[in-house]
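A.B. asks: File data07.cif below, mmCIF, C-alpha atoms and all ligand atoms:
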```cif
data_model
#
loop_
_atom_site.label_atom_id
_atom_site.label_comp_id
_atom_site.auth_asym_id
_atom_site.auth_seq_id
_atom_site.Cartn_x
_atom_site.Cartn_y
_atom_site.Cartn_z
CA MET D 1 42.66 54.46 32.89
CA LYS D 2 40.36 54.09 29.92
CA LEU D 3 40.89 52.40 26.57
CA THR D 4 38.60 52.67 23.55
CA ILE D 5 38.31 49.84 21.04
CA VAL D 6 36.71 50.64 17.71
CA THR D 7 35.25 47.62 15.92
CA SER D 8 32.02 46.45 14.31
CA ASN D 9 32.57 43.09 16.03
CA ALA D 10 31.30 43.15 19.63
CA ASN D 11 33.03 39.82 20.35
CA LYS D 12 36.42 41.47 19.91
CA ALA D 13 35.48 44.18 22.43
CA VAL D 14 34.38 41.50 24.93
CA GLU D 15 37.72 39.70 24.53
CA VAL D 16 39.73 42.90 24.92
CA ALA D 17 37.80 43.76 28.11
CA ALA D 18 38.35 40.22 29.45
CA PHE D 19 42.07 40.47 28.68
CA PHE D 20 42.48 43.64 30.73
CA GLY D 21 40.21 42.49 33.55
CA GLY D 22 39.87 45.55 35.75
CA ALA D 23 43.29 46.98 34.84
CA LEU D 24 41.80 49.26 32.19
CA GLU D 25 38.24 50.40 31.62
CA VAL D 26 37.46 49.27 28.08
CA THR D 27 34.90 51.24 26.05
CA HIS D 28 33.53 49.89 22.77
CA ILE D 29 32.70 52.20 19.88
CA SER D 30 30.99 50.35 17.04
CA LEU D 31 32.11 51.57 13.62
CA ASP D 32 32.25 49.78 10.29
CA ILE D 33 35.71 50.69 9.02
CA PRO D 34 36.57 50.24 5.34
CA GLU D 35 39.57 47.88 4.98
CA HIS D 36 42.42 48.01 2.45
CA ARG D 37 43.25 44.61 1.01
CA SER D 38 46.70 43.39 2.01
CA ASP D 39 48.35 40.12 3.03
CA ASP D 40 49.69 41.98 6.06
CA VAL D 41 47.22 42.35 8.95
CA GLY D 42 49.54 44.97 10.44
CA GLU D 43 49.08 47.17 7.36
CA ILE D 44 45.31 46.66 7.41
CA ALA D 45 45.15 47.49 11.13
CA ARG D 46 47.24 50.62 10.55
CA GLY D 47 44.75 51.84 7.91
CA LYS D 48 41.78 51.02 10.15
CA ALA D 49 43.35 52.90 13.09
CA GLN D 50 43.98 55.97 10.93
CA TYR D 51 40.39 55.93 9.66
CA ALA D 52 38.97 55.50 13.17
CA TYR D 53 41.19 58.23 14.65
CA ASP D 54 40.27 60.65 11.83
CA HIS D 55 36.59 60.09 12.67
CA ILE D 56 36.64 59.80 16.46
CA HIS D 57 39.63 61.99 17.45
CA THR D 58 40.34 60.12 20.67
CA PRO D 59 43.13 57.64 21.53
CA LEU D 60 41.92 54.18 20.47
CA ILE D 61 42.79 50.68 19.36
CA VAL D 62 41.52 48.63 16.43
CA ASP D 63 41.98 44.91 15.75
CA ASP D 64 42.53 43.20 12.44
CA THR D 65 42.61 39.41 12.39
CA GLY D 66 43.61 37.08 9.57
CA PHE D 67 43.05 33.31 9.43
CA SER D 68 45.25 31.14 7.19
CA ILE D 69 45.03 27.46 6.31
CA ASP D 70 48.32 25.96 5.08
CA ALA D 71 46.78 23.34 2.78
CA LEU D 72 44.75 26.11 1.07
CA ASN D 73 47.86 28.26 0.48
CA GLY D 74 46.91 30.65 3.26
CA PHE D 75 43.23 31.04 2.32
CA PRO D 76 41.14 32.84 3.56
CA GLY D 77 43.91 35.14 4.90
CA PRO D 78 42.77 38.77 4.71
CA TYR D 79 39.39 37.62 3.35
CA ALA D 80 38.51 35.92 6.66
CA SER D 81 35.44 38.06 7.24
CA TYR D 82 34.05 37.67 3.70
CA VAL D 83 34.66 33.90 3.68
CA LEU D 84 33.02 33.43 7.08
CA HIS D 85 29.90 35.19 5.74
CA THR D 86 29.86 33.28 2.45
CA LEU D 87 31.26 29.76 2.97
CA GLY D 88 31.10 29.72 6.77
CA ASN D 89 32.75 27.06 8.89
CA THR D 90 30.76 24.34 7.12
CA GLY D 91 32.16 25.43 3.76
CA ILE D 92 35.73 25.49 5.11
CA LEU D 93 35.28 21.98 6.51
CA LYS D 94 34.03 20.81 3.09
CA LEU D 95 37.11 22.30 1.42
CA MET D 96 39.26 20.48 3.96
CA ASP D 97 37.46 17.13 3.57
CA GLY D 98 40.11 14.39 3.24
CA VAL D 99 43.01 16.85 3.51
CA LYS D 100 45.82 15.51 5.71
CA ASN D 101 47.70 18.73 6.47
CA ARG D 102 45.31 20.60 8.77
CA ASP D 103 47.72 23.27 10.03
CA ALA D 104 46.27 26.77 10.33
CA HIS D 105 47.01 29.98 12.17
CA PHE D 106 45.38 33.17 13.34
CA THR D 107 47.26 36.47 13.38
CA THR D 108 45.89 39.56 15.08
CA ALA D 109 47.28 43.05 14.73
CA ILE D 110 46.29 45.58 17.38
CA ALA D 111 46.88 49.15 16.23
CA PHE D 112 46.87 52.01 18.73
CA ALA D 113 46.30 55.55 17.45
CA ASP D 114 46.71 58.88 19.21
CA GLU D 115 48.11 62.29 18.37
CA SER D 116 51.67 60.84 18.25
CA GLY D 117 50.78 58.42 15.43
CA ILE D 118 50.01 54.73 15.06
CA HIS D 119 51.71 51.82 16.84
CA VAL D 120 51.10 48.21 15.77
CA PHE D 121 51.45 44.98 17.83
CA THR D 122 50.92 41.49 16.40
CA GLY D 123 50.25 38.03 17.82
CA THR D 124 49.92 34.59 16.19
CA ILE D 125 48.71 31.17 17.32
CA HIS D 126 48.94 27.89 15.43
CA GLY D 127 46.35 25.14 15.51
CA ASN D 128 44.63 22.46 13.43
CA ILE D 129 41.36 22.44 11.51
CA THR D 130 38.96 19.97 13.11
CA SER D 131 36.76 17.58 11.08
CA SER D 132 33.57 19.03 12.62
CA PRO D 133 32.69 22.17 14.63
CA LEU D 134 33.15 21.77 18.39
CA GLY D 135 32.15 24.04 21.29
CA ASN D 136 29.75 26.90 21.86
CA ASN D 137 32.05 29.64 23.15
CA GLY D 138 34.00 32.21 21.20
CA PHE D 139 33.01 33.37 17.73
CA GLY D 140 33.95 33.22 14.07
CA TYR D 141 36.28 30.33 13.23
CA ASP D 142 36.78 29.29 16.88
CA PRO D 143 34.70 26.05 16.65
CA ILE D 144 36.89 24.60 13.88
CA VAL D 145 40.34 25.48 15.26
CA ASP D 146 41.91 23.04 17.69
CA ILE D 147 44.72 24.27 19.94
CA ASP D 148 46.36 21.53 22.03
CA GLY D 149 43.34 19.21 22.01
CA ARG D 150 40.43 21.65 22.38
CA THR D 151 38.91 24.14 20.00
CA LEU D 152 38.90 27.84 20.85
CA ALA D 153 35.12 27.46 21.21
CA GLU D 154 35.55 24.76 23.86
CA ILE D 155 37.64 26.89 26.19
CA SER D 156 36.35 29.70 28.40
CA LEU D 157 36.58 33.40 27.57
CA GLU D 158 39.12 33.73 30.39
CA GLU D 159 41.32 30.98 28.90
CA LYS D 160 41.05 32.34 25.38
CA SER D 161 42.03 35.76 26.75
CA VAL D 162 45.34 34.26 27.90
CA ILE D 163 46.37 32.05 24.96
CA SER D 164 44.83 33.57 21.84
CA HIS D 165 46.45 35.44 18.95
CA ARG D 166 44.57 38.52 20.24
CA ALA D 167 45.98 38.01 23.75
CA VAL D 168 49.55 37.70 22.41
CA ALA D 169 49.15 40.99 20.53
CA LEU D 170 47.45 42.66 23.52
CA LYS D 171 50.30 41.60 25.86
CA LYS D 172 52.78 43.41 23.63
CA PHE D 173 50.49 46.44 23.47
CA ARG D 174 49.91 46.39 27.25
CA ASN D 175 53.65 46.34 28.05
CA TRP D 176 54.29 49.24 25.72
CA TYR D 177 51.23 51.23 26.83
CA PHE D 178 51.74 50.87 30.59
CA GLU D 179 55.43 51.71 30.30
CA ARG D 180 54.53 54.77 28.25
CA CYS D 181 51.91 55.89 30.79
CA GLN D 182 54.25 55.59 33.82
CA PRO D 183 55.73 58.87 35.02
CA LEU D 184 59.52 58.76 34.41
CA SER D 185 60.20 59.16 38.15
CA LEU D 186 58.59 55.76 39.01
P1 LIG H 201 36.21 44.89 12.51
O1 LIG H 201 37.02 44.90 11.24
O2 LIG H 201 35.11 45.89 12.53
O3 LIG H 201 37.06 44.93 13.74
P2 LIG H 201 35.56 42.17 11.68
O4 LIG H 201 34.78 41.06 12.31
O5 LIG H 201 35.23 42.51 10.25
O6 LIG H 201 35.45 43.44 12.62
P3 LIG H 201 38.24 41.25 10.95
O7 LIG H 201 38.18 41.80 9.57
O8 LIG H 201 39.49 41.42 11.71
O9 LIG H 201 37.07 41.88 11.84
O10 LIG H 201 37.81 39.74 11.10
C1 LIG H 201 38.17 38.73 10.28
C2 LIG H 201 37.23 37.56 10.48
O11 LIG H 201 37.84 36.64 11.38
C3 LIG H 201 35.86 37.88 11.06
O12 LIG H 201 34.89 37.13 10.34
C4 LIG H 201 35.91 37.43 12.48
O13 LIG H 201 34.66 36.90 12.92
C5 LIG H 201 36.97 36.33 12.44
N1 LIG H 201 37.73 36.36 13.67
C6 LIG H 201 38.38 37.42 14.19
N2 LIG H 201 38.92 37.11 15.37
C7 LIG H 201 38.61 35.81 15.61
C8 LIG H 201 38.86 34.92 16.67
O14 LIG H 201 39.52 35.31 17.76
N3 LIG H 201 38.40 33.67 16.58
C9 LIG H 201 37.71 33.27 15.50
N4 LIG H 201 37.41 34.04 14.46
C10 LIG H 201 37.85 35.31 14.51
#
```
Step by step, read the file and then write its structure as structure tokens.
C.D. replies:
Amino acid sequence: MKLTIVTSNANKAVEVAAFFGGALEVTHISLDIPEHRSDDVGEIARGKAQYAYDHIHTPLIVDDTGFSIDALNGFPGPYASYVLHTLGNTGILKLMDGVKNRDAHFTTAIAFADESGIHVFTGTIHGNITSSPLGNNGFGYDPIVDIDGRTLAEISLEEKSVISHRAVALKKFRNWYFERCQPLSL
């Protein structure tokens, strides 16, 4: 079976492929999809899936990921991409200098689109903002988010593909998708 992921971020495609191992053949189509602003990653992912399906006309998934820091009232939230490009991890760490409450979370929404419509699956993980970047794996905010003693950039791709926000959303999608693809007689 084949699965197409549409994203401008090749790292997401790598993580989706690692999550499925050999169970699905994952194809990456790179497309810059305009995003509606919303506090709800599920709503953003739904819009991205509709846009991608209208352009590509093949069953596909998209991923929208938000990153929220409690002490900053949820910032950057849906602006995660813009803030990474402007402030970067160094800027976030400056904003968090001396701040005691370092709780943060990632939420990913995976939206699947085909001729039947759009189906959305979400996953969240909670962690803490570190005081300096740690680790060379992963991408984006991974070096500054500690989960149980190691940052997401200090763990392997295989480990991240089991515990991450993306993995939690993909597990829900996988269960739904494989059940849907089974012939009723099985
Ligand atoms: P597409 O919309 O084309 O899929 P994008 O990178 O713009 O790609 P998002 O809007 O979902 O995707 O990304 C929000 C930001 O969060 C972006 O800067 C990512 O690099 C970052 N990000 C997403 N997933 C992440 C992860 O698992 N770990 C760390 N940072 C992540």
A.B. asks: Go through the chains and note each residue within 6 Å of ligand LIG 201 (chain H), using all atoms listed in the file, then give the set as a ChimeraX atom specification.
C.D. replies: /D:7-9,32-33,63-66,80-81,84,139-142
A.B. asks: Let me see the file: selected residues, C-alpha atoms, as a tab-separated table (two decimals), in the coordinates of the input.
C.D. replies:
```tsv
chain	number	residue	atom	x	y	z
D	7	THR	CA	35.25	47.62	15.92
D	8	SER	CA	32.02	46.45	14.31
D	9	ASN	CA	32.57	43.09	16.03
D	32	ASP	CA	32.25	49.78	10.29
D	33	ILE	CA	35.71	50.69	9.02
D	63	ASP	CA	41.98	44.91	15.75
D	64	ASP	CA	42.53	43.20	12.44
D	65	THR	CA	42.61	39.41	12.39
D	66	GLY	CA	43.61	37.08	9.57
D	80	ALA	CA	38.51	35.92	6.66
D	81	SER	CA	35.44	38.06	7.24
D	84	LEU	CA	33.02	33.43	7.08
D	139	PHE	CA	33.01	33.37	17.73
D	140	GLY	CA	33.95	33.22	14.07
D	141	TYR	CA	36.28	30.33	13.23
D	142	ASP	CA	36.78	29.29	16.88
```
A.B. asks: Looking at all atoms listed in the file, which of D:Gly91, D:Gly117, D:Pro143, D:Gly127 is the one that sits closest to His105 of chain D?
C.D. replies: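 Looking at the shortest contact to His105 of chain D, the residue is D:Gly127.
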A.B. asks: Between D:Leu60, D:Leu87, D:Ile155, D:Val16, which one has atoms that come closest to Lys171 of chain D, using all atoms listed in the file?
C.D. replies: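 Closest residue, counting all atoms listed in the file: D:Val16.
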A.B. asks: Compile the contact shell of Asn101 of chain D as a list in words: residues with an atom at most 10 Å away, counting all atoms listed in the file, same-chain residues fewer than 6 positions apart removed.
C.D. replies: Ile69, Asp70, Ala71, Leu72, Asn128 and Ile129 of chain D
A.B. asks: Between D:Lys12, D:Asp103, D:Ile92, D:Pro133, which residue has the minimum interatomic distance to Leu152 of chain D, considering all atoms listed in the file?
C.D. replies: D:Pro133
A.B. asks: Figure out the distance between atom CA of Gly98 of chain D and atom CA of Asp40 of chain D, please, to one decimal in Å.
C.D. replies: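 About the pair atom CA of Asp40 of chain D and atom CA of Gly98 of chain D: they are 29.3 Å apart.
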A.B. asks: Considering only C-alpha atoms, can you say which of D:Val83, D:Met96, D:Ile5, D:Ala10 comes closest to Ala52 of chain D?
C.D. replies: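 Of the candidates, the smallest distance to Ala52 of chain D is held by D:Ile5.
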A.B. asks: Check the smallest atom-to-atom distance from each of D:Arg102, D:Ala111, D:Asp97, D:Phe178 to Met1 of chain D using all atoms listed in the file, then report the winner.
C.D. replies: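 Comparing D:Arg102, D:Ala111, D:Asp97, D:Phe178 against Met1 of chain D, the winner is D:Phe178.
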A.B. asks: Can you list, as number ranges by chain, every protein, DNA or RNA residue that comes within 10 Å of Ser164 of chain D when you count all atoms listed in the file, leaving out same-chain residues fewer than 4 positions away?
C.D. replies: D: 15, 106-108, 123-126, 147, 152, 159-160, 168-170
A.B. asks: Have a look at atom CA of Ile110 of chain D and atom CA of Asp146 of chain D and let me know their distance in Å, one decimal.
C.D. replies: 23.0 Å
A.B. asks: Need to verify the contact set: Tyr79 of chain D, 10 Å, all atoms listed in the file, exclusion of same-chain residues closer than 6 positions in sequence. Can you return it as a PyMOL selection string?
C.D. replies: chain D and resi 37-39+65-68
A.B. asks: Compare D:Ile56, D:Ile144, D:Ala13, D:Val162 by their minimum atom-to-atom distance to Ala104 of chain D, counting only C-alpha atoms, and give me the closest one.
C.D. replies: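 Among D:Ile56, D:Ile144, D:Ala13, D:Val162, it is D:Ile144 that comes nearest to Ala104 of chain D.
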A.B. asks: Could you check how far atom CA of Ala45 of chain D sits from atom CA of Tyr177 of chain D, in Å to one decimal?
C.D. replies: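 It comes out at 17.2 Å.
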A.B. asks: Write out as a ChimeraX atom specification which residues come within 10 Å of Glu25 of chain D when counting all atoms listed in the file, dropping same-chain ones fewer than 2 positions away.
C.D. replies: /D:1-4,17,20-23,27
A.B. asks: Within 9 Å of Val14 of chain D, counting all atoms listed in the file, which residues show up once you throw out same-chain ones fewer than 3 positions away? Write them as a PDB file with C-alpha atoms, in the frame of the given file, please.
C.D. replies:
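Wrote it out as result07.pdb, contents follow:
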```pdb
ATOM      1  CA  ALA D  10      31.300  43.150  19.630  1.00  0.00           C
ATOM      2  CA  ASN D  11      33.030  39.820  20.350  1.00  0.00           C
ATOM      3  CA  ALA D  17      37.800  43.760  28.110  1.00  0.00           C
ATOM      4  CA  ALA D  18      38.350  40.220  29.450  1.00  0.00           C
ATOM      5  CA  PHE D  19      42.070  40.470  28.680  1.00  0.00           C
ATOM      6  CA  VAL D  26      37.460  49.270  28.080  1.00  0.00           C
ATOM      7  CA  HIS D  28      33.530  49.890  22.770  1.00  0.00           C
ATOM      8  CA  LEU D 157      36.580  33.400  27.570  1.00  0.00           C
TER       9      LEU D 157
END
```
